[in-house]
Amino acid sequence: MRHSAKPPRSPNAPADIKDRFRVKEHLRRTGAAVQDLLVELRRPTPPAPGVAEAVRRASDDLRVASYNVHKCVGTDRRFDPARIAAVIGELGADLVAVQEADRRFGRRTGLLDVAALERDTGLVPLPVSDLPDGHGWHGNALLVRPGTPARIRRLALPGAEPRGALVAELDLPAGRLRVVAAHLGLLRSSRTAQAIAILRALAEDRHPVPTLLLGDLNEWRPGARSSLRAFEPLFGRAGPGTPSFPARMPVLALDRILGWPRGLVHGVRAHESGLARVASDHLPLTAFVRLGRQAEATEAGPPAVEAAA
């Protein structure tokens with residue numbers, strides 16, 4: 001009877017097995033470290049001492065928000081405008097800039113549930129569309145209290161794809177506020193050109209009015225390569241920002257709420273409710289605006305933003 005010969009056992013076999021265990025253990029530890037890093041990245045930065053109390057003390061200020069609603073399609077791929085309205089209702093905001101409020105191609109009809117928004121939030125879109133059933137300008141809509149006096153300007157922005165911004169001057173109980181609602185492009189060169197175009201439009205109005213910039217600015221990089229540097233002549237240097245994308249595990253600060261004069265905006269937060277995590281691929285951002293206390297700071301007027309060109 002013939003027996004198949006067994007391959008000779010390598011004298012290094014025990015060492016080979018040990019090496020395999022070391023590799024497996026290294027991979028396990030690396031995977032765990034990556035998981036911890038992702039959790040840390042999406043964890044909100046703890047407020048500095050006194051910040052939470054300052055937010056509470058200023059809770060009578062204007063509460064604003066910015067929200068890319070992803071055409072009302074959630075991370076579960078369901079189109080659900082009523083769910084978007086419910087998330088905006090959770091924010092308790094007095095003013096909301098909405099991105100992707102209309103269809104992107106073809107006839108740009110509105111996608112929001114306006115009746116649900118008014119019922120759940122007490123807010124209605126400003127009339128900015130060319131269409132009777134449209135809600136925004138290049139997808140940018142601005143939700144305000146019914147009857148809010150507003151002077152609206154629509155900007156067509158330069159770039160490789162059609163983009164636009166809204167500039168609305170609002171007469172609010174606490175005073176006048178200029179709001180820029182924007183959704184910038186995917187290319188850094190386009191975003192820089194769009195930022196310069198927005199600043200040039202604001203520079204045409206020499207009346208010093210507290211100004212907000214809200215929207216999906218599509219920029220995740222801080223520092224020298226960031227397209228947000230183009231906004232610095234008016235809004236100052238933008239920090240790392242608050243992660244808002246993707247909604248299920250936010251690590252990128254694509255959405256921003258900026259203000260002039262300095263100190264106008266405080267308490268910027270991402271709204272991380274369970275509903276918000278599924279309603280859109282972005283989380284909403286909220287912030288407080290010290291409008292009444294900033295009126296005197298605008299008397300000197302804004303800086304010369306023409307330098308941005």
# chains A, B, ... in the order shown; residues from 1 in each chain; ligands from 1

$ residues_around --residues "Leu142 of chain A" --least-positions-apart "3" --cutoff "10 Å" --atoms "only C-alpha atoms" --output "MDAnalysis selection string"
chainID A and resid 66 95:99 101 123:128 135:137 166:168 179:181 214

$ select_by_dssp --residues "segment 240-290 of chain A" --states "strand (DSSP E or B)" --output "list in words"
Phe245, Leu252, Asp255, Arg256, Ile257, Leu258, Gly259, Trp260, Val265, His266, Gly267, Val268, Arg269, Ala270, Leu285, Thr286, Ala287, Phe288 and Val289 of chain A

$ write_last_selection --atoms "C-alpha atoms" --output "short mmCIF file (atom, residue, chain, number, x, y, z; two decimals), in the first residue's frame"
data_model
loop_
_atom_site.label_atom_id
_atom_site.label_comp_id
_atom_site.auth_asym_id
_atom_site.auth_seq_id
_atom_site.Cartn_x
_atom_site.Cartn_y
_atom_site.Cartn_z
CA PHE A 245 -21.63 65.55 6.09
CA LEU A 252 -16.71 67.09 6.70
CA ASP A 255 -22.04 73.69 5.56
CA ARG A 256 -21.32 77.07 7.13
CA ILE A 257 -22.94 79.96 8.96
CA LEU A 258 -20.71 83.07 8.83
CA GLY A 259 -21.43 86.62 9.94
CA TRP A 260 -20.33 90.24 9.85
CA VAL A 265 -22.91 84.66 15.03
CA HIS A 266 -22.36 82.35 17.97
CA GLY A 267 -23.25 78.86 19.11
CA VAL A 268 -22.94 77.08 15.74
CA ARG A 269 -24.07 73.46 16.10
CA ALA A 270 -24.99 70.50 13.91
CA LEU A 285 -26.53 73.67 11.11
CA THR A 286 -28.02 76.05 13.66
CA ALA A 287 -26.65 79.22 15.25
CA PHE A 288 -27.69 82.25 17.28
CA VAL A 289 -27.47 85.81 15.96
#

$ select_by_dssp --residues "segment 92-228 of chain A" --states "alpha helix (DSSP H)" --output "list in words"
Val114, Ala115, Ala116, Leu117, Glu118, Arg119, Asp120, Thr121, Arg188, Ser189, Ser190, Arg191, Thr192, Ala193, Gln194, Ala195, Ile196, Ala197, Ile198, Leu199, Arg200, Ala201, Leu202 and Ala203 of chain A

$ closest_residue --among "A:Gly134, A:Gly292, A:Pro233, A:Pro284" --to "Glu90 of chain A" --atoms "only C-alpha atoms"
A:Pro284

$ atom_distance --atom1 "atom CA of Val87 of chain A" --atom2 "atom CA of Gly175 of chain A"
27.5 Å

$ residues_around --residues "Pro222 of chain A" --least-positions-apart "6" --cutoff "10 Å" --atoms "only C-alpha atoms" --output "list in words"
Leu228, Arg229, Arg237, Ala238, Gly239, Pro240, Gly241 and Ala253 of chain A

$ write_last_selection --atoms "N, CA, C and O atoms" --output "CSV table (one decimal), in the first residue's frame"
chain,number,residue,atom,x,y,z
A,228,LEU,N,-12.6,79.1,1.0
A,228,LEU,CA,-13.2,80.0,2.0
A,228,LEU,C,-12.3,81.2,2.3
A,228,LEU,O,-12.8,82.2,2.8
A,229,ARG,N,-11.0,81.2,1.9
A,229,ARG,CA,-10.2,82.3,2.1
A,229,ARG,C,-10.7,83.5,1.3
A,229,ARG,O,-10.4,84.7,1.7
A,237,ARG,N,-11.4,85.0,9.0
A,237,ARG,CA,-10.9,83.7,8.8
A,237,ARG,C,-11.9,82.7,9.3
A,237,ARG,O,-12.3,82.7,10.4
A,238,ALA,N,-12.2,81.7,8.4
A,238,ALA,CA,-13.1,80.6,8.8
A,238,ALA,C,-12.3,79.5,9.5
A,238,ALA,O,-11.2,79.1,9.0
A,239,GLY,N,-12.8,79.0,10.6
A,239,GLY,CA,-12.1,77.9,11.3
A,239,GLY,C,-12.4,76.6,10.7
A,239,GLY,O,-12.9,76.5,9.6
A,240,PRO,N,-12.1,75.5,11.4
A,240,PRO,CA,-12.3,74.2,10.8
A,240,PRO,C,-13.8,73.9,10.6
A,240,PRO,O,-14.1,73.1,9.7
A,241,GLY,N,-14.7,74.6,11.3
A,241,GLY,CA,-16.1,74.3,11.0
A,241,GLY,C,-16.7,73.2,11.8
A,241,GLY,O,-15.9,72.4,12.5
A,253,ALA,N,-17.0,69.5,7.2
A,253,ALA,CA,-17.7,70.7,7.4
A,253,ALA,C,-18.0,71.4,6.1
A,253,ALA,O,-17.4,72.4,5.8

$ atom_distance --atom1 "atom CA of Pro162 of chain A" --atom2 "atom CA of Ala279 of chain A"
25.2 Å

$ residues_around --residues "segment 189-192 of chain A" --least-positions-apart "5" --cutoff "12 Å" --atoms "only C-alpha atoms" --output "list of chain:residue names"
A:Leu157, A:Pro158, A:Gly159, A:Ala160, A:Glu161, A:Pro162, A:Arg163, A:Gly164, A:Ala182, A:His183, A:Leu184, A:Ala197, A:Ile198, A:Leu199, A:Asp216, A:Leu217, A:Asn218, A:Glu219, A:Trp220, A:Arg225, A:Ser226, A:Ser227, A:Leu228, A:Arg229, A:Ala230, A:Phe231, A:Glu232, A:Ala308, A:Ala309

$ residues_around --residues "Gly92 of chain A" --least-positions-apart "2" --cutoff "8 Å" --atoms "only C-alpha atoms" --output "PDB file with all heavy atoms, in the first residue's frame"
ATOM      1  N   ARG A  63     -32.566  82.816  16.102  1.00  0.00           N
ATOM      2  CA  ARG A  63     -32.023  81.479  15.845  1.00  0.00           C
ATOM      3  C   ARG A  63     -32.137  81.210  14.342  1.00  0.00           C
ATOM      4  O   ARG A  63     -33.236  81.314  13.766  1.00  0.00           O
ATOM      5  CB  ARG A  63     -32.783  80.422  16.632  1.00  0.00           C
ATOM      6  CG  ARG A  63     -32.172  79.013  16.552  1.00  0.00           C
ATOM      7  CD  ARG A  63     -32.930  78.069  17.470  1.00  0.00           C
ATOM      8  NE  ARG A  63     -32.447  76.707  17.358  1.00  0.00           N
ATOM      9  CZ  ARG A  63     -31.458  76.192  18.072  1.00  0.00           C
ATOM     10  NH1 ARG A  63     -30.822  76.959  18.945  1.00  0.00           N
ATOM     11  NH2 ARG A  63     -31.086  74.930  17.925  1.00  0.00           N
ATOM     12  N   ILE A  88     -36.906  70.368  10.085  1.00  0.00           N
ATOM     13  CA  ILE A  88     -36.827  71.830  10.237  1.00  0.00           C
ATOM     14  C   ILE A  88     -37.651  72.273  11.439  1.00  0.00           C
ATOM     15  O   ILE A  88     -37.272  73.202  12.168  1.00  0.00           O
ATOM     16  CB  ILE A  88     -37.273  72.531   8.941  1.00  0.00           C
ATOM     17  CG1 ILE A  88     -36.306  72.180   7.802  1.00  0.00           C
ATOM     18  CG2 ILE A  88     -37.332  74.046   9.125  1.00  0.00           C
ATOM     19  CD1 ILE A  88     -36.702  72.735   6.449  1.00  0.00           C
ATOM     20  N   GLY A  89     -38.777  71.576  11.692  1.00  0.00           N
ATOM     21  CA  GLY A  89     -39.563  71.881  12.882  1.00  0.00           C
ATOM     22  C   GLY A  89     -38.786  71.627  14.162  1.00  0.00           C
ATOM     23  O   GLY A  89     -38.973  72.338  15.166  1.00  0.00           O
ATOM     24  N   GLU A  90     -37.896  70.622  14.151  1.00  0.00           N
ATOM     25  CA  GLU A  90     -37.091  70.346  15.342  1.00  0.00           C
ATOM     26  C   GLU A  90     -36.112  71.475  15.653  1.00  0.00           C
ATOM     27  O   GLU A  90     -35.700  71.645  16.803  1.00  0.00           O
ATOM     28  CB  GLU A  90     -36.284  69.054  15.135  1.00  0.00           C
ATOM     29  CG  GLU A  90     -37.107  67.784  15.059  1.00  0.00           C
ATOM     30  CD  GLU A  90     -36.248  66.555  14.786  1.00  0.00           C
ATOM     31  OE1 GLU A  90     -35.063  66.722  14.407  1.00  0.00           O
ATOM     32  OE2 GLU A  90     -36.755  65.432  14.950  1.00  0.00           O
ATOM     33  N   ASP A  94     -35.869  80.778  13.488  1.00  0.00           N
ATOM     34  CA  ASP A  94     -36.646  81.918  12.986  1.00  0.00           C
ATOM     35  C   ASP A  94     -36.401  82.158  11.496  1.00  0.00           C
ATOM     36  O   ASP A  94     -37.176  82.857  10.845  1.00  0.00           O
ATOM     37  CB  ASP A  94     -36.260  83.185  13.752  1.00  0.00           C
ATOM     38  CG  ASP A  94     -36.479  83.033  15.249  1.00  0.00           C
ATOM     39  OD1 ASP A  94     -37.642  82.954  15.665  1.00  0.00           O
ATOM     40  OD2 ASP A  94     -35.475  82.967  15.981  1.00  0.00           O
ATOM     41  N   THR A 121     -43.346  74.491  11.318  1.00  0.00           N
ATOM     42  CA  THR A 121     -42.271  75.422  11.649  1.00  0.00           C
ATOM     43  C   THR A 121     -42.727  76.869  11.774  1.00  0.00           C
ATOM     44  O   THR A 121     -41.988  77.699  12.312  1.00  0.00           O
ATOM     45  CB  THR A 121     -41.163  75.367  10.581  1.00  0.00           C
ATOM     46  OG1 THR A 121     -41.635  75.991   9.372  1.00  0.00           O
ATOM     47  CG2 THR A 121     -40.763  73.935  10.269  1.00  0.00           C
TER      48      THR A 121
END
